[in-house]
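J.: Dropping a structure here in structure tokens format, bear with me for questions.
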Amino acid sequence: MKRYINKAAFAKTAFESSTVGMLTFIAHPVAKEGNYVGNIYEGDRLMDRFFLTVSEKEKNTQVNVDLGVFNFRDLSAQGRKTFVVQAGGYILFYNSKQDTPYRITLERVNESTKKMAAEFDTQKLNKKDLFVVSLVRPGKYIATSDKNKTVNVDVPYPDKKVFEERNTIINPITVRLNPEGFENDEVRLLPSQGLIFQVEDPTSIAIRLEKEYTKPDKNAAFDTMPTKPKRKKKVSRKYRWENPKYYPKR
């Protein structure tokens, strides 16, 4: 079976909680029953909307919204997607298809006045929100909150033993962010291992690569970053009608 490498994932060196991309996820708990309208923005442009119903009677405690299936369309026409989740459950936003950064807002509909009340905006995470990132490129990262609180994130090349043990389950690491800052000074991850930021105070988080690891040690599972394979040169063959050796004698 031929393997394909997502080069965009390895090229990614900066992440922000204000938008949802290919390697980031945001989960938001919805406590109050009612009907909600979700807005999906690409930059400053409103791309699409969806409906969310929150009910105590619903059994599902989590609903996943794949932003990769939404497109720019006529918002006055029918075709909006509808989701349902239990009151107190989570709505999880992710993108399975591209790395386009999308901003999401959620508004609650007042059934008596039909007015909209702001519930959630990815630009400012609320208490109990979860920001999840998957760091694929080995290196040293730094995560910074909007209050200039920081935590260092070390992503070394993985050890061969980890890959040899097929039944090994690599759980994500959780870092809590409270009003005083991050609870950890530094965390250590494997490439693509999940890093969960548990928000306990309204904030936004930015992550950037500070130093790239280009030379892994001898125990690393792979020794180079994926590169574009070299194409083999085409060898031109001289056939009988092209090779002077086979020209007819005169």
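We name chains A, B, ... following the order of the structure tokens; residues begin at 1 in each chain, and ligands are numbered from 1 as shown.
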Residues near Glu42 (chain A), anyone? I mean within 10 Å using only C-alpha atoms, not counting same-chain ones fewer than 4 positions away, as an MDAnalysis selection string.

T.: chainID A and resid 19 46:48 71:72 100:104

J.: Quick one: write out the picked residues with C-alpha atoms as a PDB file, in the first residue's frame?

T.:
```pdb
ATOM      1  CA  THR A  19      -9.478  29.854  14.523  1.00  0.00           C
ATOM      2  CA  LEU A  46     -19.376  34.864   6.487  1.00  0.00           C
ATOM      3  CA  MET A  47     -19.127  31.518   4.707  1.00  0.00           C
ATOM      4  CA  ASP A  48     -22.009  29.458   6.104  1.00  0.00           C
ATOM      5  CA  ASN A  71     -18.688  26.043   1.605  1.00  0.00           C
ATOM      6  CA  PHE A  72     -19.630  29.534   0.546  1.00  0.00           C
ATOM      7  CA  THR A 100      -8.019  27.054   6.062  1.00  0.00           C
ATOM      8  CA  PRO A 101      -8.432  28.934   9.370  1.00  0.00           C
ATOM      9  CA  TYR A 102     -12.115  29.324  10.263  1.00  0.00           C
ATOM     10  CA  ARG A 103     -13.571  31.481  13.004  1.00  0.00           C
ATOM     11  CA  ILE A 104     -16.783  30.240  14.640  1.00  0.00           C
TER      12      ILE A 104
END
```

J.: Write out as a list in words each polymer residue whose atoms come within 8 Å of Lys81 (chain A), counting only C-alpha atoms; drop sequence neighbours fewer than 2 positions from it.

T.: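 These residues fall inside the cut-off: Arg49, Phe50, Phe51, Gly79 and Phe83 of chain A.
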
J.: Using only C-alpha atoms, which protein or nucleic acid residues come within 12 Å of Phe25 (chain A)? Drop anything in the same chain fewer than 4 positions from it, and give the result as a PyMOL selection string.

T.: chain A and resi 15-21+64-67+91-96+99+101-104+122+129-134+194-197

J.: Pick from A:Asp146, A:Glu180, A:Glu33, A:Glu210: nearest to Lys124 (chain A), with only C-alpha atoms counted?

T.: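 Of A:Asp146, A:Glu180, A:Glu33, A:Glu210, the one nearest Lys124 (chain A), counting only C-alpha atoms, is A:Asp146.
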
J.: Considering only C-alpha atoms, return as a list in words whatever protein or nucleic-acid residues lie within 9 Å of region 53-57 of chain A, sequence-local ones (same chain, fewer than 5 positions apart) excluded.

T.: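 Non-adjacent residues within range: Val30, Ala31, Lys32, Glu33, Gly34, Asn35, Tyr36, Val37, Thr82, Phe83, Val84, Val85, Gln86, Ala87, Gly88 and Gly89 of chain A.
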
J.: Which residue out of A:Phe70, A:Val63, A:Pro191, A:Ile142 has the minimum interatomic distance to Tyr41 (chain A) when only C-alpha atoms are used?

T.: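 For Tyr41 (chain A), the nearest of the candidates is A:Phe70.
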
J.: Looking only at strand (DSSP E) from DSSP on the backbone, list the matching residues of region 154-207 of chain A as a VMD selection string.

T.: chain A and resid 154 to 155 173 to 178 181 to 182 186 to 188 194 to 199 205 to 207

J.: DSSP on the backbone, helix (DSSP H, G or I) only: what residues of region 58-214 of chain A does that give? Format it as an mmCIF file with all heavy atoms, in the first residue's frame.

T.:
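Ended up saving to part-v1.cif:
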```
data_model
loop_
_atom_site.group_PDB
_atom_site.id
_atom_site.type_symbol
_atom_site.label_atom_id
_atom_site.label_comp_id
_atom_site.auth_asym_id
_atom_site.auth_seq_id
_atom_site.Cartn_x
_atom_site.Cartn_y
_atom_site.Cartn_z
ATOM 1 N N LEU A 67 -15.717 21.303 9.830
ATOM 2 C CA LEU A 67 -15.787 22.534 9.044
ATOM 3 C C LEU A 67 -15.386 22.315 7.590
ATOM 4 O O LEU A 67 -15.634 23.167 6.741
ATOM 5 C CB LEU A 67 -14.886 23.596 9.682
ATOM 6 C CG LEU A 67 -15.205 23.933 11.143
ATOM 7 C CD1 LEU A 67 -14.193 24.926 11.690
ATOM 8 C CD2 LEU A 67 -16.614 24.483 11.278
ATOM 9 N N GLY A 68 -14.765 21.174 7.309
ATOM 10 C CA GLY A 68 -14.340 20.886 5.945
ATOM 11 C C GLY A 68 -15.482 20.622 4.987
ATOM 12 O O GLY A 68 -15.282 20.621 3.770
ATOM 13 N N VAL A 69 -16.691 20.387 5.506
ATOM 14 C CA VAL A 69 -17.831 20.091 4.627
ATOM 15 C C VAL A 69 -18.650 21.339 4.312
ATOM 16 O O VAL A 69 -19.615 21.268 3.549
ATOM 17 C CB VAL A 69 -18.748 19.027 5.264
ATOM 18 C CG1 VAL A 69 -17.969 17.752 5.543
ATOM 19 C CG2 VAL A 69 -19.382 19.541 6.555
ATOM 20 N N LYS A 160 12.497 4.748 18.558
ATOM 21 C CA LYS A 160 12.120 3.575 17.765
ATOM 22 C C LYS A 160 11.245 2.606 18.558
ATOM 23 O O LYS A 160 10.349 1.968 18.019
ATOM 24 C CB LYS A 160 13.375 2.845 17.293
ATOM 25 C CG LYS A 160 14.173 3.591 16.240
ATOM 26 C CD LYS A 160 15.391 2.780 15.827
ATOM 27 C CE LYS A 160 16.211 3.522 14.774
ATOM 28 N NZ LYS A 160 17.416 2.755 14.379
ATOM 29 N N LYS A 161 11.506 2.492 19.858
ATOM 30 C CA LYS A 161 10.770 1.524 20.669
ATOM 31 C C LYS A 161 9.278 1.837 20.700
ATOM 32 O O LYS A 161 8.447 0.944 20.776
ATOM 33 C CB LYS A 161 11.328 1.512 22.091
ATOM 34 C CG LYS A 161 12.750 0.981 22.185
ATOM 35 C CD LYS A 161 13.224 0.966 23.625
ATOM 36 C CE LYS A 161 14.647 0.428 23.720
ATOM 37 N NZ LYS A 161 15.134 0.421 25.122
ATOM 38 N N VAL A 162 8.942 3.129 20.645
ATOM 39 C CA VAL A 162 7.534 3.517 20.678
ATOM 40 C C VAL A 162 6.809 2.993 19.452
ATOM 41 O O VAL A 162 5.669 2.540 19.515
ATOM 42 C CB VAL A 162 7.403 5.053 20.766
ATOM 43 C CG1 VAL A 162 5.939 5.473 20.702
ATOM 44 C CG2 VAL A 162 8.045 5.559 22.044
ATOM 45 N N PHE A 163 7.481 3.027 18.298
ATOM 46 C CA PHE A 163 6.860 2.578 17.064
ATOM 47 C C PHE A 163 6.882 1.057 16.935
ATOM 48 O O PHE A 163 6.062 0.479 16.239
ATOM 49 C CB PHE A 163 7.570 3.214 15.865
ATOM 50 C CG PHE A 163 7.174 4.640 15.637
ATOM 51 C CD1 PHE A 163 7.716 5.650 16.409
ATOM 52 C CD2 PHE A 163 6.246 4.976 14.670
ATOM 53 C CE1 PHE A 163 7.353 6.969 16.209
ATOM 54 C CE2 PHE A 163 5.876 6.285 14.461
ATOM 55 C CZ PHE A 163 6.424 7.291 15.233
ATOM 56 N N GLU A 164 7.830 0.410 17.592
ATOM 57 C CA GLU A 164 7.902 -1.047 17.523
ATOM 58 C C GLU A 164 6.792 -1.701 18.340
ATOM 59 O O GLU A 164 6.332 -2.789 18.026
ATOM 60 C CB GLU A 164 9.275 -1.517 18.009
ATOM 61 C CG GLU A 164 10.408 -1.150 17.046
ATOM 62 C CD GLU A 164 11.774 -1.466 17.629
ATOM 63 O OE1 GLU A 164 11.818 -1.882 18.809
ATOM 64 O OE2 GLU A 164 12.779 -1.298 16.920
#
```

J.: Rounded to one decimal in Å, what is the spacing between CA of Ala143 (chain A) and CA of Glu186 (chain A)?

T.: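 We find that CA of Ala143 (chain A) and CA of Glu186 (chain A) lie 9.8 Å from each other.
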
J.: Looking at A:Leu52, A:Ile26, A:Leu106, A:Ile170, which one is nearest to Ser204 (chain A), with distances taken over only C-alpha atoms?

T.: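 Of A:Leu52, A:Ile26, A:Leu106, A:Ile170, the one nearest Ser204 (chain A), counting only C-alpha atoms, is A:Ile26.
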
J.: How many Å lie between CA of Pro172 (chain A) and CA of Gln193 (chain A), rounded to one decimal?

T.: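 Atom-to-atom, CA of Pro172 (chain A) and CA of Gln193 (chain A) are spaced 5.9 Å apart.
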
J.: Would you list the contacts of Ala118 (chain A) as a ChimeraX atom specification, taking every protein, DNA or RNA residue within 9 Å and counting only C-alpha atoms, but skipping same-chain residues closer than 3 positions in sequence?

T.: /A:105-108,121

J.: Considering only C-alpha atoms, return as a PDB file with N, CA, C and O atoms, in the first residue's frame whatever protein or nucleic-acid residues lie within 12 Å of Leu209 (chain A), sequence-local ones (same chain, fewer than 4 positions apart) excluded.

T.:
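Here's the written file around.pdb:
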```
ATOM      1  N   PHE A  10       3.554  19.044   8.185  1.00  0.00           N
ATOM      2  CA  PHE A  10       4.935  19.210   8.633  1.00  0.00           C
ATOM      3  C   PHE A  10       5.407  20.655   8.477  1.00  0.00           C
ATOM      4  O   PHE A  10       6.308  21.100   9.186  1.00  0.00           O
ATOM      5  N   ALA A  11       4.811  21.381   7.552  1.00  0.00           N
ATOM      6  CA  ALA A  11       5.227  22.768   7.323  1.00  0.00           C
ATOM      7  C   ALA A  11       4.607  23.735   8.326  1.00  0.00           C
ATOM      8  O   ALA A  11       5.055  24.872   8.451  1.00  0.00           O
ATOM      9  N   LYS A  12       3.603  23.282   9.053  1.00  0.00           N
ATOM     10  CA  LYS A  12       2.890  24.152   9.993  1.00  0.00           C
ATOM     11  C   LYS A  12       3.766  24.460  11.202  1.00  0.00           C
ATOM     12  O   LYS A  12       4.254  23.562  11.880  1.00  0.00           O
ATOM     13  N   THR A  13       3.976  25.750  11.481  1.00  0.00           N
ATOM     14  CA  THR A  13       4.829  26.155  12.604  1.00  0.00           C
ATOM     15  C   THR A  13       4.146  27.132  13.555  1.00  0.00           C
ATOM     16  O   THR A  13       4.744  27.526  14.548  1.00  0.00           O
ATOM     17  N   ALA A  14       2.912  27.532  13.267  1.00  0.00           N
ATOM     18  CA  ALA A  14       2.201  28.480  14.128  1.00  0.00           C
ATOM     19  C   ALA A  14       0.736  28.069  14.231  1.00  0.00           C
ATOM     20  O   ALA A  14       0.126  27.644  13.244  1.00  0.00           O
ATOM     21  N   PHE A  15       0.183  28.199  15.438  1.00  0.00           N
ATOM     22  CA  PHE A  15      -1.193  27.791  15.701  1.00  0.00           C
ATOM     23  C   PHE A  15      -1.848  28.830  16.606  1.00  0.00           C
ATOM     24  O   PHE A  15      -1.194  29.396  17.484  1.00  0.00           O
ATOM     25  N   LEU A 135       1.005  18.790  17.340  1.00  0.00           N
ATOM     26  CA  LEU A 135       2.275  19.308  16.822  1.00  0.00           C
ATOM     27  C   LEU A 135       3.026  18.167  16.142  1.00  0.00           C
ATOM     28  O   LEU A 135       3.457  17.224  16.793  1.00  0.00           O
ATOM     29  N   VAL A 136       3.174  18.259  14.840  1.00  0.00           N
ATOM     30  CA  VAL A 136       3.781  17.182  14.063  1.00  0.00           C
ATOM     31  C   VAL A 136       5.280  17.405  13.863  1.00  0.00           C
ATOM     32  O   VAL A 136       6.068  16.463  13.907  1.00  0.00           O
ATOM     33  N   ARG A 137       5.677  18.628  13.670  1.00  0.00           N
ATOM     34  CA  ARG A 137       7.076  18.937  13.360  1.00  0.00           C
ATOM     35  C   ARG A 137       7.919  18.939  14.636  1.00  0.00           C
ATOM     36  O   ARG A 137       7.631  19.690  15.574  1.00  0.00           O
ATOM     37  N   PRO A 138       8.983  18.123  14.719  1.00  0.00           N
ATOM     38  CA  PRO A 138       9.831  18.125  15.915  1.00  0.00           C
ATOM     39  C   PRO A 138      10.515  19.473  16.124  1.00  0.00           C
ATOM     40  O   PRO A 138      10.961  20.116  15.172  1.00  0.00           O
ATOM     41  N   GLY A 139      10.580  19.891  17.379  1.00  0.00           N
ATOM     42  CA  GLY A 139      11.227  21.160  17.693  1.00  0.00           C
ATOM     43  C   GLY A 139      10.780  21.685  19.043  1.00  0.00           C
ATOM     44  O   GLY A 139      10.036  21.032  19.781  1.00  0.00           O
ATOM     45  N   LYS A 140      11.247  22.877  19.365  1.00  0.00           N
ATOM     46  CA  LYS A 140      10.854  23.556  20.600  1.00  0.00           C
ATOM     47  C   LYS A 140       9.813  24.617  20.270  1.00  0.00           C
ATOM     48  O   LYS A 140      10.044  25.478  19.426  1.00  0.00           O
ATOM     49  N   TYR A 141       8.675  24.545  20.957  1.00  0.00           N
ATOM     50  CA  TYR A 141       7.584  25.489  20.762  1.00  0.00           C
ATOM     51  C   TYR A 141       7.368  26.292  22.041  1.00  0.00           C
ATOM     52  O   TYR A 141       7.805  25.896  23.125  1.00  0.00           O
ATOM     53  N   ILE A 142       6.665  27.401  21.887  1.00  0.00           N
ATOM     54  CA  ILE A 142       6.256  28.182  23.048  1.00  0.00           C
ATOM     55  C   ILE A 142       4.791  28.568  22.867  1.00  0.00           C
ATOM     56  O   ILE A 142       4.382  29.019  21.797  1.00  0.00           O
ATOM     57  N   ALA A 143       3.999  28.319  23.912  1.00  0.00           N
ATOM     58  CA  ALA A 143       2.583  28.685  23.913  1.00  0.00           C
ATOM     59  C   ALA A 143       2.405  29.917  24.792  1.00  0.00           C
ATOM     60  O   ALA A 143       2.909  29.961  25.917  1.00  0.00           O
ATOM     61  N   THR A 144       1.681  30.904  24.269  1.00  0.00           N
ATOM     62  CA  THR A 144       1.510  32.178  24.967  1.00  0.00           C
ATOM     63  C   THR A 144       0.033  32.531  25.044  1.00  0.00           C
ATOM     64  O   THR A 144      -0.688  32.430  24.042  1.00  0.00           O
ATOM     65  N   ASN A 152       6.601  26.227  27.747  1.00  0.00           N
ATOM     66  CA  ASN A 152       7.469  25.663  26.715  1.00  0.00           C
ATOM     67  C   ASN A 152       7.000  24.255  26.366  1.00  0.00           C
ATOM     68  O   ASN A 152       6.650  23.466  27.252  1.00  0.00           O
ATOM     69  N   VAL A 153       7.019  23.946  25.079  1.00  0.00           N
ATOM     70  CA  VAL A 153       6.582  22.634  24.600  1.00  0.00           C
ATOM     71  C   VAL A 153       7.720  22.018  23.791  1.00  0.00           C
ATOM     72  O   VAL A 153       8.141  22.573  22.775  1.00  0.00           O
ATOM     73  N   ASP A 154       8.214  20.880  24.260  1.00  0.00           N
ATOM     74  CA  ASP A 154       9.319  20.190  23.598  1.00  0.00           C
ATOM     75  C   ASP A 154       8.771  18.988  22.835  1.00  0.00           C
ATOM     76  O   ASP A 154       8.103  18.125  23.409  1.00  0.00           O
ATOM     77  N   VAL A 155       9.051  18.938  21.527  1.00  0.00           N
ATOM     78  CA  VAL A 155       8.593  17.835  20.677  1.00  0.00           C
ATOM     79  C   VAL A 155       9.818  17.189  20.033  1.00  0.00           C
ATOM     80  O   VAL A 155      10.244  17.590  18.947  1.00  0.00           O
ATOM     81  N   TYR A 213      14.135  20.938  15.208  1.00  0.00           N
ATOM     82  CA  TYR A 213      15.106  19.858  15.360  1.00  0.00           C
ATOM     83  C   TYR A 213      15.362  19.250  13.981  1.00  0.00           C
ATOM     84  O   TYR A 213      14.472  18.656  13.383  1.00  0.00           O
TER      85      TYR A 213
END
```

J.: Rank nothing, just name the residue among A:Ala27, A:Ile40, A:Ile207, A:Val187 nearest to Leu125 (chain A), using only C-alpha atoms.

T.: A:Ala27
